[in-house]
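Since the structure comes first, as structure tokens, the remarks are kept for the end.
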Amino acid sequence: MDPLLYVLDLIVFIGIFGILSLSLNLEFGFAGLANFGKVAFFLIGAYTYALLSQIGVPFYLCLVAGGLVSAVFGLLVSLPALRLRADYLAIAVLAFGEILRLIVKSEEFAGGDWGITVSPAITLVGTSHRVDALVNIGLVYFCLFICFLVAQLLANSPYGRAMRAIREDEVAAEALGKSEAKYKAQAFMLGSAMAGIAGGLYAQYLQYVLPGMFMPMVTFTVWIMVLLGGPANNWGVLLGAVLVQIFVRGTNILKDYFLLPINPSDLQYILFGALIILVLLYRPQGLLKESQIKTKAMEGVRRARNAVKNK
Amino acid sequence: MTVNWAQVFFNSAITGSLYLIGAVGLTLTYGLSRFPNFAHAEFITLGAYIGYLVARQSGLGLPLALVAAFLVTGIVGLLCYRGIFQPLAKKGASIIHLMVASIALGFILRYSIGAAWTWKPLYFTATWSAYDIGPLRITGLWVWLILTAVALAILMHFILVKTKIGKAIRATSSNPELALASGINVDRVILITWFIGAGLAAIAGIFRGADTQIWPLTGWDIILPIFAVAILGGIGNFYGAIVAAFIIGLAENIGVVGLIALGLSTSYRIGIAFLILIITLIVRPEGLAMFFRRA
Amino acid sequence: MQETLLKISEVSKHFGGVYAVSGVSLNIKGGGIWGLVGPNGSGKTTLFNTILGLHRPDEGDIYFNGKCINRLAPHQIYGLGLVNAFQIPRLFSRLSVLDNMLLAARGHQGDMLLNSLFLRKGWQEQEVELAGKAMEILETLELVHLALSPAGELSGGQRKLLEVGRGVMSSPTLLLLDEPAAGINPNLGKKIFQGIEDLSQEGLSFFIIEHRLEILFDFAHWVYVMDKGKIVVEGKPEEVLEDPAFFEVYLGV
């Protein structure tokens, strides 16, 4: 296969999973939520996009709808689930994701086992695969940019500070007037919306949606990206997305060029597992440490501090 | 629609037995180490493969496969605890980190198995003939499964109540600090529990593999219902797990009848356990615990 | 003395049949330093926690600024201006000292989701002001050199000071302090209380539990003495010191 296409394909995947990483970073990195069901909201966004585009809705509305529907589900799930202990929450949303996957697998309107074909968002007539890939990169990275902007603005604000405080100590934060329920629900809704948009982008890029594309494995891949890159650091989790995707797609490419004694995709997950355990044991803060809160006030204090130091 | 209720109840016993054997290990380690071990699914899978290997090499039947799988997987479980979870816990890892570590461990085991045996489904060569006794359709395998579950339940009860180690497990489960203070070697208790837990998972794996197929997702296919059993029965509560296993077995099989009656796809069958799991977590996460003596 | 800020009327709280607080009534008026003393286990901390909404009173009523607060959640009580500094400091260890201070400010506009994304200018300026105020308080408490360090790196005594600082930062109407001088050397303890007195003269009111009677009695203008869940003596410090009931409580004579 065309090597340049491999690279372009990789870049698209980095973009889509970058959005997913940012969404999990918001939920887990900043708000401390154990969302083991990220793929559920990815699925909702993807299938919403697929179904709407099937009836001729323009692509940008499909994307927005994917985000909105995911956000609504996120809110519904957050109502009973967010007050649960971390492990209960994790198991519950994991099960939720599996129920959704079971539904789309069994119901006709969602295409069952064979899924739904999706037309790409933007088609330019008579172009090559390369140009199609470039168009997708444009679309995906536009969305990624917006999500990144939102994530950074939130993190670098009193809102983000309050969210981190709740993550650290809910009781203390509540005593200071920060409502745990509100911040967690909002984080979860936003995270779900982002995952929904990523789902729509995924659906139109691959041009079909299948239940098998939304296994729990996707959730855990995103977790690896966040833990490796650095929870509570938006640049960090993007870095995690880049590294993990290079690793995943890279080993797939190797398969075409080398004959390995072991199936590369098996080896890749074995190494993943080992890597994550090593990260958890020896560098749980990830590659990039938690980002500091950058507001006008905080930066002012930092500058003054540095000025004093440098005298 | 005529329903063969006798078969429904018998099937419930089969499902319940499988889930019970699978869930005991999970509920005990969850209760002791205070985190859900998602790699329990891969202990189940590993057991199926070890059983397959032994059955093929030796040509001898089920019992040897069960014992071999129990021992090997038990040791693997023990090593996983020692090598991964214990060091993490010592470093103060949060419950989220431990959960993620268990998933990572699951990857390592699952894909190692996939690499070693490929992802093609395997089948035990032994065949089990079906008999019709009255309204019931029975196979030898199912009878073995139910008998094994009953035997294990009685054995575990005996161990927990009558033996020193069993009492130590119960003590540590309800109050680790107090157990340590009373001279119990808590470290050894935890190791033994992980050994037994993984070993029992292996046995469940063999039965599941024999009943359906053996592939790297054998354990993951049934892990959520097994979680449902552990949580409904009360985490760490052996007796609760027994009751929960049969409640869920019944719910699934009666549920299938309901699905057919409602014209829904029977593949939703497994969703019944998922629903019970979610509802229990939201409404009453301690499950049936208060009705049973601890552990 | 001004209006009543905090009125507690026959409040009781029991745990499984054991009464930690039993029929307690007291009045805290605006301005000044009010003290609560008593031996260990007399129910002081339970009373504080009940006032703050961590427990619901089993009997009796609690009024703050005329409003009954029995059923309010802690963050709501905080919002009314009744603020606490925990006995064992519960700081956000991974956040900086300055962040910890800023979190304590009430009514920070940037707290809302939409405000953090859009109207950023408004709260940026507000935060600069709040940061200024925070740095001043940190200077008084001799913590300003640690403003950008993670709160987890502070010593036990420094954490205490930060806790008090956070309490002051929230511009409370009434600030509850549970043993502010515990675990701090006496000189620093006196210094904290001096700071508290300065602030009380600017209009802030304090209700303080303190074990170190000698420090508290120097600064408080009214003291309540608790024993076994009940108020046994109250009055100006010099009067309480002469009351035989006070000695009975502490010396068992």
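Quick note on naming: the chains in the structure tokens go A, B, ... in the order shown, residues restart at 1 in each chain, and ligands are numbered from 1 in order of appearance.
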>> Residues of segment 24-201 of chain B classed as strand (DSSP E) by DSSP on the backbone are to be reported as a ChimeraX atom specification.
In response: /B:130-133,136-139
>> Taking only C-alpha atoms into account, find every residue of chain B that has an atom no more than 8 Å from chain A, and write it out as a VMD selection string.
In response: chain B and resid 35 to 36 84 87 to 88 91 93 95 to 97 99 101 103 to 109 111 to 112 114 to 115 224 265 267 to 268 271 274 to 275 277 to 278 281 to 282 285
> What is the atom CA of Gly15 of chain A-atom CA of Arg283 of chain A distance in Å, reported with one decimal?
Replying inline: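 Answer for the atom CA of Gly15 of chain A to atom CA of Arg283 of chain A separation: 25.3 Å.
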>> Taking only C-alpha atoms into account and nothing else, which residues of chain A lie no more than 9 Å away from chain C? Please answer as a PyMOL selection string.
In response: chain A and resi 149-150+153-162+164-166+168-169+171-179+183+186+292-293+295-298+300-302+305
Keeping N, CA and C atoms for every residue in the selection just given, could you write it to a file as a CSV table (one decimal), in the first residue's frame?
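Resulting contents of part_5.csv:
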```
chain,number,residue,atom,x,y,z
A,149,LEU,N,-8.9,23.8,22.5
A,149,LEU,CA,-9.1,25.1,23.0
A,149,LEU,C,-10.1,25.1,24.2
A,150,VAL,N,-11.2,24.4,24.1
A,150,VAL,CA,-12.1,24.3,25.2
A,150,VAL,C,-11.4,23.7,26.4
A,153,LEU,N,-9.0,26.2,27.9
A,153,LEU,CA,-9.6,27.3,28.6
A,153,LEU,C,-10.2,26.9,29.9
A,154,LEU,N,-10.8,25.7,29.9
A,154,LEU,CA,-11.4,25.1,31.2
A,154,LEU,C,-10.3,24.9,32.2
A,155,ALA,N,-9.2,24.3,31.8
A,155,ALA,CA,-8.2,23.9,32.7
A,155,ALA,C,-7.6,25.2,33.3
A,156,ASN,N,-7.4,26.2,32.5
A,156,ASN,CA,-6.7,27.4,33.0
A,156,ASN,C,-7.7,28.4,33.5
A,157,SER,N,-8.6,28.1,34.4
A,157,SER,CA,-9.6,29.0,34.9
A,157,SER,C,-9.9,28.6,36.3
A,158,PRO,N,-10.6,29.4,37.0
A,158,PRO,CA,-11.1,29.0,38.3
A,158,PRO,C,-12.0,27.8,38.3
A,159,TYR,N,-12.7,27.6,37.2
A,159,TYR,CA,-13.5,26.5,37.0
A,159,TYR,C,-12.6,25.2,37.0
A,160,GLY,N,-11.5,25.2,36.3
A,160,GLY,CA,-10.6,24.1,36.2
A,160,GLY,C,-10.0,23.9,37.6
A,161,ARG,N,-9.7,25.0,38.3
A,161,ARG,CA,-9.1,24.9,39.6
A,161,ARG,C,-10.1,24.2,40.6
A,162,ALA,N,-11.4,24.6,40.5
A,162,ALA,CA,-12.4,23.9,41.3
A,162,ALA,C,-12.5,22.5,41.0
A,164,ARG,N,-10.2,20.4,39.8
A,164,ARG,CA,-9.1,19.7,40.4
A,164,ARG,C,-9.2,19.6,41.9
A,165,ALA,N,-9.8,20.6,42.5
A,165,ALA,CA,-9.9,20.5,44.0
A,165,ALA,C,-10.9,19.4,44.3
A,166,ILE,N,-12.0,19.2,43.5
A,166,ILE,CA,-12.9,18.2,43.8
A,166,ILE,C,-12.3,16.8,43.6
A,168,GLU,N,-9.2,16.1,44.1
A,168,GLU,CA,-8.3,15.9,45.3
A,168,GLU,C,-9.0,15.5,46.5
A,169,ASP,N,-10.1,16.2,46.8
A,169,ASP,CA,-10.8,16.0,48.1
A,169,ASP,C,-12.2,16.6,48.0
A,171,VAL,N,-14.9,16.3,49.8
A,171,VAL,CA,-15.5,16.9,51.0
A,171,VAL,C,-15.0,18.3,51.3
A,172,ALA,N,-13.7,18.4,51.2
A,172,ALA,CA,-13.1,19.8,51.4
A,172,ALA,C,-13.6,20.7,50.4
A,173,ALA,N,-13.7,20.3,49.2
A,173,ALA,CA,-14.2,21.2,48.1
A,173,ALA,C,-15.6,21.6,48.3
A,174,GLU,N,-16.4,20.6,48.7
A,174,GLU,CA,-17.8,21.0,49.0
A,174,GLU,C,-17.9,22.0,50.1
A,175,ALA,N,-17.1,21.8,51.1
A,175,ALA,CA,-17.1,22.8,52.2
A,175,ALA,C,-16.7,24.2,51.8
A,176,LEU,N,-16.0,24.3,50.6
A,176,LEU,CA,-15.7,25.6,50.1
A,176,LEU,C,-16.7,26.1,49.1
A,177,GLY,N,-17.8,25.4,49.0
A,177,GLY,CA,-18.9,25.9,48.1
A,177,GLY,C,-18.8,25.3,46.7
A,178,LYS,N,-17.9,24.4,46.4
A,178,LYS,CA,-17.9,23.8,45.1
A,178,LYS,C,-18.8,22.6,45.1
A,179,SER,N,-19.8,22.6,44.3
A,179,SER,CA,-20.7,21.5,44.3
A,179,SER,C,-20.2,20.3,43.5
A,183,TYR,N,-19.9,19.9,39.1
A,183,TYR,CA,-18.6,19.8,38.3
A,183,TYR,C,-18.4,18.5,37.7
A,186,GLN,N,-20.9,18.1,34.7
A,186,GLN,CA,-20.5,18.9,33.6
A,186,GLN,C,-19.2,18.4,32.9
A,292,GLN,N,0.1,23.3,35.2
A,292,GLN,CA,-0.3,24.3,36.2
A,292,GLN,C,-1.3,25.2,35.7
A,293,ILE,N,-2.1,25.8,36.6
A,293,ILE,CA,-3.2,26.7,36.2
A,293,ILE,C,-2.6,28.0,35.7
A,295,THR,N,-3.7,31.5,34.7
A,295,THR,CA,-4.6,32.6,34.5
A,295,THR,C,-3.8,33.8,34.6
A,296,LYS,N,-4.4,35.0,34.3
A,296,LYS,CA,-3.7,36.2,34.4
A,296,LYS,C,-3.1,36.4,35.7
A,297,ALA,N,-3.8,36.1,36.8
A,297,ALA,CA,-3.3,36.3,38.1
A,297,ALA,C,-2.2,35.4,38.4
A,298,MET,N,-2.3,34.1,38.1
A,298,MET,CA,-1.3,33.2,38.4
A,298,MET,C,0.0,33.5,37.7
A,300,GLY,N,0.9,36.4,36.7
A,300,GLY,CA,1.5,37.6,37.3
A,300,GLY,C,2.3,37.3,38.5
A,301,VAL,N,1.8,36.4,39.3
A,301,VAL,CA,2.6,36.0,40.5
A,301,VAL,C,3.9,35.3,40.1
A,302,ARG,N,3.7,34.4,39.1
A,302,ARG,CA,4.9,33.7,38.6
A,302,ARG,C,6.0,34.6,38.1
A,305,ARG,N,7.6,36.4,40.9
A,305,ARG,CA,8.5,35.5,41.6
A,305,ARG,C,9.8,35.3,40.8
```
> Mind pulling up the distance from atom CA of Asn49 of chain C to atom CA of Ser12 of chain C?
Replying inline: 12.2 Å
>> I want to know what sits within 12 Å of Val7 of chain A, based on only C-alpha atoms, with residues of the same chain fewer than 3 positions away left out; could you give that as a ChimeraX atom specification?
In response: /A:1-4,10-14,130,133-134,137,245-246,249-250,253
>> Under the rule that only C-alpha atoms are counted, which of C:Ser25, C:Ile231, C:Val97, C:Val225 is the nearest residue to Phe247 of chain C?
In response: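 Among the listed residues, the smallest separation from Phe247 of chain C belongs to C:Val225.
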> A:Gly74, A:Gly67, A:Gly236, A:Gly56: which is nearest Ser119 of chain A, counting only C-alpha atoms?
Replying inline: A:Gly56
>> Which residue is closest to Ser22 of chain C? Choose from C:Arg56, C:Lys191, C:Lys228, C:Lys236 and count only C-alpha atoms.
In response: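 Closest to Ser22 of chain C, using only C-alpha atoms: C:Lys228.
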